Amino acid sequence: MKRVLEQEGTTPEEAIEKALERLGVSKDKAKIEILDEGSKGLFGLVGTKKAKVKVSIEDQGEELAQEVTQRILDLMGIETKVETKEVGEKVVLDIKGDKSGILIGKRGQTLNSLQYLVNLIINREKEEGPRSRVMLDVEDYRGRRQQTLTDLAHRLADRVIKSGRGVTLEPMSPHERHIIHLALQDYGQVATRSVGEGKYRKIVIAPQREESRR
């Protein structure tokens, strides 16, 4: 996945230095294009024009993550293929195979643990630059799970509106709680909030009027 940054500076050298600092890479790992040399103008005051450069780098985090994931699965004796796909602005490693379903676990717990391990390994391997963050999926499980949670949120919100009483969901991961909050952010008659600590943290869906009194 390529990252591109345009940067201005008093000189091309200054612009390049600023861009490299913002990207967190050394000059030998970047592709640099000078868009404008800039000019000092009359007496160095009037008509001064800043230099402008474009610096691009190839983020190797996804490639490393793919290799690490495949290696772990091979050691587990699970015959799978790891493919890279883009979902919006995110890069997802999709695991495909006849027995890949066992990697999901209860409510995705096994998959989340594997994802945590892969991110831990690839960021320990990186010598410089920003930390990589990759998401793992199995046969589009996360997409199906998101739709399931969205449908559940809508059903429960309708129940809250009809009954006037709030409901509390079972404990969920931060990612799944975010899905519920997002699904109901435009429901004018209900509001959501998270309660509890750690792995026991859960979401409450309540009538809007009740939440406004808190």
# chains A, B, ... in the order shown; residues from 1 in each chain; ligands from 1
>>> residues_around(residues="segment 25-36 of chain A", least_positions_apart="3", cutoff="8 Å", atoms="only C-alpha atoms", output="list of chain:residue names")
A:Pro12, A:Ile16, A:Leu20, A:Glu21, A:Lys50, A:Ala51, A:Lys52, A:Val53, A:Lys54, A:Val55, A:Ser56, A:Ile57, A:Glu58, A:Glu128, A:Gly129
>>> write_last_selection(atoms="N, CA and C atoms", output="compact mmCIF listing (two decimals), in the first residue's frame")
# COMPACT_ATOMS: atom_id res chain seq x y z
N PRO A 12 13.99 22.79 -1.61
CA PRO A 12 13.60 21.39 -1.81
C PRO A 12 14.16 20.48 -0.72
N ILE A 16 11.93 18.09 1.65
CA ILE A 16 12.17 16.64 1.70
C ILE A 16 12.38 16.19 3.14
N LEU A 20 10.02 13.44 5.08
CA LEU A 20 10.57 12.20 5.61
C LEU A 20 10.30 12.06 7.10
N GLU A 21 10.38 13.18 7.80
CA GLU A 21 10.12 13.16 9.24
C GLU A 21 8.67 12.82 9.51
N LYS A 50 7.66 29.10 -2.28
CA LYS A 50 8.18 27.93 -1.58
C LYS A 50 8.40 26.75 -2.52
N ALA A 51 9.37 25.94 -2.16
CA ALA A 51 9.62 24.70 -2.90
C ALA A 51 8.57 23.66 -2.48
N LYS A 52 8.28 22.74 -3.39
CA LYS A 52 7.27 21.72 -3.10
C LYS A 52 7.75 20.36 -3.63
N VAL A 53 7.64 19.33 -2.80
CA VAL A 53 8.08 18.00 -3.20
C VAL A 53 6.96 16.99 -2.93
N LYS A 54 7.05 15.85 -3.60
CA LYS A 54 6.15 14.73 -3.35
C LYS A 54 6.99 13.53 -2.95
N VAL A 55 6.72 12.99 -1.79
CA VAL A 55 7.47 11.85 -1.29
C VAL A 55 6.52 10.68 -1.11
N SER A 56 6.87 9.53 -1.65
CA SER A 56 6.02 8.34 -1.55
C SER A 56 6.83 7.16 -1.04
N ILE A 57 6.17 6.31 -0.27
CA ILE A 57 6.80 5.09 0.23
C ILE A 57 5.83 3.93 0.09
N GLU A 58 6.38 2.76 -0.04
CA GLU A 58 5.57 1.55 -0.04
C GLU A 58 5.57 0.99 1.37
N GLU A 128 11.88 1.00 11.89
CA GLU A 128 11.53 2.41 11.96
C GLU A 128 10.20 2.63 11.29
N GLY A 129 9.69 3.86 11.40
CA GLY A 129 8.43 4.20 10.76
C GLY A 129 7.25 3.96 11.69
>>> select_by_dssp(residues="segment 33-183 of chain A", states="strand (DSSP E or B)", output="VMD selection string")
chain A and resid 33 to 36 39 42 46 49 51 to 58 81 to 87 90 to 96 135 to 138 167 to 168
>>> atom_distance(atom1="atom CA of Thr80 of chain A", atom2="atom CA of Val92 of chain A")
15.5 Å
>>> atom_distance(atom1="atom CA of Gln109 of chain A", atom2="atom CA of Val167 of chain A")
23.9 Å
>>> closest_residue(among="A:Arg144, A:Arg22, A:Arg124, A:His154", to="Ile205 of chain A", atoms="only C-alpha atoms")
A:His154
>>> select_by_dssp(residues="segment 7-133 of chain A", states="alpha helix (DSSP H)", output="PyMOL selection string")
chain A and resi 12-23+61-75+109-125
>>> write_last_selection(atoms="N, CA and C atoms", output="compact mmCIF listing (two decimals), in the first residue's frame")
# COMPACT_ATOMS: atom_id res chain seq x y z
N PRO A 12 13.99 22.79 -1.61
CA PRO A 12 13.60 21.39 -1.81
C PRO A 12 14.16 20.48 -0.72
N GLU A 13 15.38 20.74 -0.29
CA GLU A 13 16.00 19.92 0.75
C GLU A 13 15.22 20.00 2.06
N GLU A 14 14.79 21.21 2.40
CA GLU A 14 14.02 21.38 3.64
C GLU A 14 12.68 20.68 3.53
N ALA A 15 12.02 20.78 2.36
CA ALA A 15 10.73 20.14 2.15
C ALA A 15 10.86 18.62 2.25
N ILE A 16 11.93 18.09 1.65
CA ILE A 16 12.17 16.64 1.70
C ILE A 16 12.38 16.19 3.14
N GLU A 17 13.18 16.94 3.88
CA GLU A 17 13.47 16.58 5.27
C GLU A 17 12.19 16.56 6.11
N LYS A 18 11.33 17.56 5.90
CA LYS A 18 10.06 17.61 6.65
C LYS A 18 9.16 16.43 6.28
N ALA A 19 9.09 16.11 4.99
CA ALA A 19 8.24 15.01 4.54
C ALA A 19 8.71 13.67 5.11
N LEU A 20 10.02 13.44 5.08
CA LEU A 20 10.57 12.20 5.61
C LEU A 20 10.30 12.06 7.10
N GLU A 21 10.38 13.18 7.80
CA GLU A 21 10.12 13.16 9.24
C GLU A 21 8.67 12.82 9.51
N ARG A 22 7.77 13.40 8.73
CA ARG A 22 6.34 13.13 8.92
C ARG A 22 5.99 11.68 8.59
N LEU A 23 6.66 11.12 7.58
CA LEU A 23 6.40 9.73 7.19
C LEU A 23 7.14 8.73 8.07
N GLY A 61 4.23 -3.17 5.71
CA GLY A 61 3.59 -3.83 6.84
C GLY A 61 2.66 -4.94 6.43
N GLU A 62 1.84 -4.71 5.37
CA GLU A 62 0.88 -5.72 4.95
C GLU A 62 1.57 -6.95 4.38
N GLU A 63 2.64 -6.71 3.63
CA GLU A 63 3.39 -7.84 3.05
C GLU A 63 4.00 -8.71 4.16
N LEU A 64 4.59 -8.06 5.15
CA LEU A 64 5.17 -8.79 6.27
C LEU A 64 4.08 -9.52 7.05
N ALA A 65 2.95 -8.85 7.27
CA ALA A 65 1.85 -9.46 8.00
C ALA A 65 1.33 -10.70 7.28
N GLN A 66 1.26 -10.62 5.95
CA GLN A 66 0.80 -11.76 5.17
C GLN A 66 1.75 -12.95 5.34
N GLU A 67 3.05 -12.67 5.30
CA GLU A 67 4.05 -13.73 5.47
C GLU A 67 3.97 -14.35 6.86
N VAL A 68 3.86 -13.49 7.89
CA VAL A 68 3.79 -13.97 9.27
C VAL A 68 2.54 -14.82 9.49
N THR A 69 1.40 -14.32 8.99
CA THR A 69 0.14 -15.05 9.15
C THR A 69 0.21 -16.42 8.50
N GLN A 70 0.73 -16.46 7.27
CA GLN A 70 0.83 -17.73 6.55
C GLN A 70 1.75 -18.71 7.29
N ARG A 71 2.83 -18.19 7.85
CA ARG A 71 3.77 -19.03 8.58
C ARG A 71 3.12 -19.62 9.82
N ILE A 72 2.37 -18.82 10.56
CA ILE A 72 1.68 -19.30 11.76
C ILE A 72 0.69 -20.40 11.40
N LEU A 73 -0.07 -20.17 10.34
CA LEU A 73 -1.07 -21.16 9.92
C LEU A 73 -0.40 -22.46 9.48
N ASP A 74 0.74 -22.34 8.79
CA ASP A 74 1.47 -23.54 8.38
C ASP A 74 1.94 -24.34 9.60
N LEU A 75 2.42 -23.62 10.62
CA LEU A 75 2.88 -24.29 11.84
C LEU A 75 1.72 -24.95 12.58
N GLN A 109 -13.34 -14.74 18.82
CA GLN A 109 -12.27 -14.58 19.82
C GLN A 109 -10.95 -15.16 19.33
N THR A 110 -10.98 -16.33 18.69
CA THR A 110 -9.75 -16.93 18.18
C THR A 110 -9.13 -16.05 17.09
N LEU A 111 -9.97 -15.55 16.21
CA LEU A 111 -9.50 -14.68 15.13
C LEU A 111 -8.89 -13.40 15.69
N ASN A 112 -9.52 -12.83 16.71
CA ASN A 112 -8.99 -11.61 17.32
C ASN A 112 -7.64 -11.86 17.99
N SER A 113 -7.49 -13.03 18.60
CA SER A 113 -6.22 -13.36 19.25
C SER A 113 -5.12 -13.53 18.21
N LEU A 114 -5.45 -14.18 17.09
CA LEU A 114 -4.47 -14.35 16.02
C LEU A 114 -4.09 -13.00 15.43
N GLN A 115 -5.06 -12.13 15.27
CA GLN A 115 -4.80 -10.79 14.74
C GLN A 115 -3.87 -10.01 15.67
N TYR A 116 -4.12 -10.11 16.97
CA TYR A 116 -3.26 -9.44 17.97
C TYR A 116 -1.83 -9.95 17.87
N LEU A 117 -1.68 -11.27 17.74
CA LEU A 117 -0.35 -11.88 17.66
C LEU A 117 0.40 -11.41 16.41
N VAL A 118 -0.28 -11.39 15.28
CA VAL A 118 0.35 -10.96 14.02
C VAL A 118 0.81 -9.51 14.12
N ASN A 119 -0.05 -8.64 14.64
CA ASN A 119 0.33 -7.22 14.77
C ASN A 119 1.50 -7.04 15.73
N LEU A 120 1.52 -7.86 16.79
CA LEU A 120 2.63 -7.79 17.74
C LEU A 120 3.95 -8.16 17.07
N ILE A 121 3.93 -9.21 16.27
CA ILE A 121 5.14 -9.70 15.61
C ILE A 121 5.64 -8.71 14.57
N ILE A 122 4.76 -8.22 13.70
CA ILE A 122 5.22 -7.35 12.61
C ILE A 122 5.73 -6.02 13.12
N ASN A 123 5.20 -5.54 14.23
CA ASN A 123 5.68 -4.27 14.76
C ASN A 123 6.97 -4.43 15.53
N ARG A 124 7.25 -5.62 16.03
CA ARG A 124 8.55 -5.88 16.65
C ARG A 124 9.64 -5.98 15.58
N GLU A 125 9.24 -6.45 14.38
CA GLU A 125 10.20 -6.61 13.29
C GLU A 125 10.57 -5.29 12.63
>>> residues_around(residues="Val138 of chain A", least_positions_apart="6", cutoff="10 Å", atoms="only C-alpha atoms", output="list in words")
Val82, Val92, Leu93, Asp94, Ile95, Lys96, Gly97, Ser100, Gly101, Ile102, Leu103, Ile104, Gly108 and Leu111 of chain A
>>> atom_distance(atom1="atom CA of Lys202 of chain A", atom2="atom CA of Pro171 of chain A")
4.3 Å
>>> closest_residue(among="A:Glu170, A:Glu176, A:Glu8, A:Asp158", to="Arg142 of chain A", atoms="only C-alpha atoms")
A:Glu176
>>> residues_around(residues="Ala191 of chain A", least_positions_apart="2", cutoff="7 Å", atoms="only C-alpha atoms", output="PyMOL selection string")
chain A and resi 193+205-208+211
